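Taking it in order: structure first as structure tokens, then the write-up.
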Amino acid sequence: MPTPKTGPLSLVLENRYPALGPDVIAQIFAAKNVVDFRGRSLDPNTDAADVPQGVWIYRPIPDEPDAAIKVDVLARGDGWMAVDKPAGLATMPRGRFVARTLTVALRRQEKNDDIVCAHRLDRVTAGVVLAVTDPARRGAYQQLFGHGRVRKKYLAVASANLDAKDPLEVSTGEDESGPFIRVKSRIEKRGISMQNVAGQPNSETVLRPASAIFTHEGVAGLRVWEVEPITGRTHQIRVHFAGLGASIVGDPLYGGALAGPYGADEVSDGAVNLQLLAESLAFTDPFTGEQIEVHSRQTLETTSNHDG
């Protein structure tokens with residue numbers, strides 16, 4: 001909701017939502033279900049002027065899950081935790097997703113209202129997310145991502161045959177890890193999606209063929225790709241695969257095979273989740289100097305090990 005101008009939030013909300021009434025508003029605050037833009041719960045006496053970015057309210061209606069969302073914790077450190085986000089769960093409170101988000105689920109599970117995710121994954125993408133549990137250390141871990149000091153690796157399922165189209169810049173090479181394809185482009189938002197457009201590249205992704213195949217009845221010519229985004233533009237991996245004429249399987253926004261309707265809360269019969277998994281994160285802890293590497297416990301839906 002837009003930020004009220006001034007006054008205790010409880011009174012502002014009572015005036016804004018008269019149908020709820022003071023008792024319901026009080027219950028919402030008691031359940032810590034009024035949050036700021038970072039998802040932190042707010043006190044009913046908080047002055048609206050102190051939350052200029054706006055406030056969010058979640059109530060036990062469609063957004064509220066029927067049962068507590070259990071999040072798999074992969075690793076913990078002093079001030080951080082790495083978790084395995086499932087597909088279909090938004091990373092941060094936004095729009096119609098507030099309670100059904102990774103941030104809120106972690107706060108409830110860990111009983112820590114200070115938890116903030118240091119970066120985000122698309123709602124339809126599964127895999128490793130780094131969350132910060134100590135507000136005093138939040139900036140340092142967020143800056144790791146902002147400054148490109150986190151090595152992220154993904155697995156994606158797409159066509160085995162790539163067909164680069166302008167304005168992508170595509171080159172190939174080989175290093176100690178084997179052959180790779182380097183994709184660069186300028187990505188900008190166009191409507192509800194991101195697009196490759198002409199101009200100075202602002203994104204870079206490295207693709208490598210993985211030693212696994214993707215099998216699904218009625219769909220042929222697919223393979224698993226190991227993906228390393230060098231930069232972190234919104235939808236970057238998905239947009240680069242689409243620009244290669246090989247939209248990721250299950251991608252409802254960029255034309256992937258076996259995708260369900262765009263914006264659906266659940267995958268429809270005969271469709272699959274987006275086959276993009278944030279498989280690992282690696283970074284140097286800015287406080288301890290320790291080398292951290294965390295891997296997802298999730299797998300792509302229908303893959304098998306296979307050379308070639």
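So you can find residues: chains in the structure tokens are A, B, ... in the order shown, residues in each start at 1, and ligands are numbered from 1 in order.
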Margin query: At a cut-off of 12 Å, using only C-alpha atoms, what residues contact Val128 of chain A? Leave out same-chain residues fewer than 6 positions from it and give the result as a VMD selection string.
Written below: chain A and resid 71 to 75 81 to 87 91 102 117 to 122 151 to 155 276 to 282 293 to 299
Item checked: Nearby residues (only C-alpha atoms) at most 8 Å from Tyr254 of chain A, same-chain spacing under 6 positions excluded, as a PyMOL selection string -> chain A and resi 238-239+242+247-248
Note to self: With distances taken over only C-alpha atoms, which residue among A:Asp113, A:Glu174, A:Glu188, A:Asp265 lies nearest Leu207 of chain A?
What the structure shows: A:Glu174
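Going from atom CA of Glu217 of chain A over to atom CA of Val249 of chain A, you cover 13.1 Å.
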Next item on the list: Tell me which protein, DNA and RNA residues are within 12 Å of Val170 of chain A, counting only C-alpha atoms, leaving out same-chain ones fewer than 2 positions away, and put them as a list in words.
Entry: Leu162, Asp163, Ala164, Lys165, Asp166, Pro167, Leu168, Thr172, Gly173, Phe180, Ile181, Arg182, Val183, Lys184, Ser185, Pro201, Ser203, Glu204, Thr205, Val206, Leu207, His240, Phe241, Gly243 and Leu244 of chain A
Next item on the list: Find the residues around Asp43 of chain A up to 12 Å (only C-alpha atoms counted), leave out those fewer than 5 positions away in its own chain, and share them as a VMD selection string.
Entry: chain A and resid 8 to 11 25 to 36 48 50 to 51 55
Note to self: With DSSP run on the backbone, what are the strand (DSSP E) residues within segment 104-222 of chain A? I'd like them as a count of residues only.
What the structure shows: 56
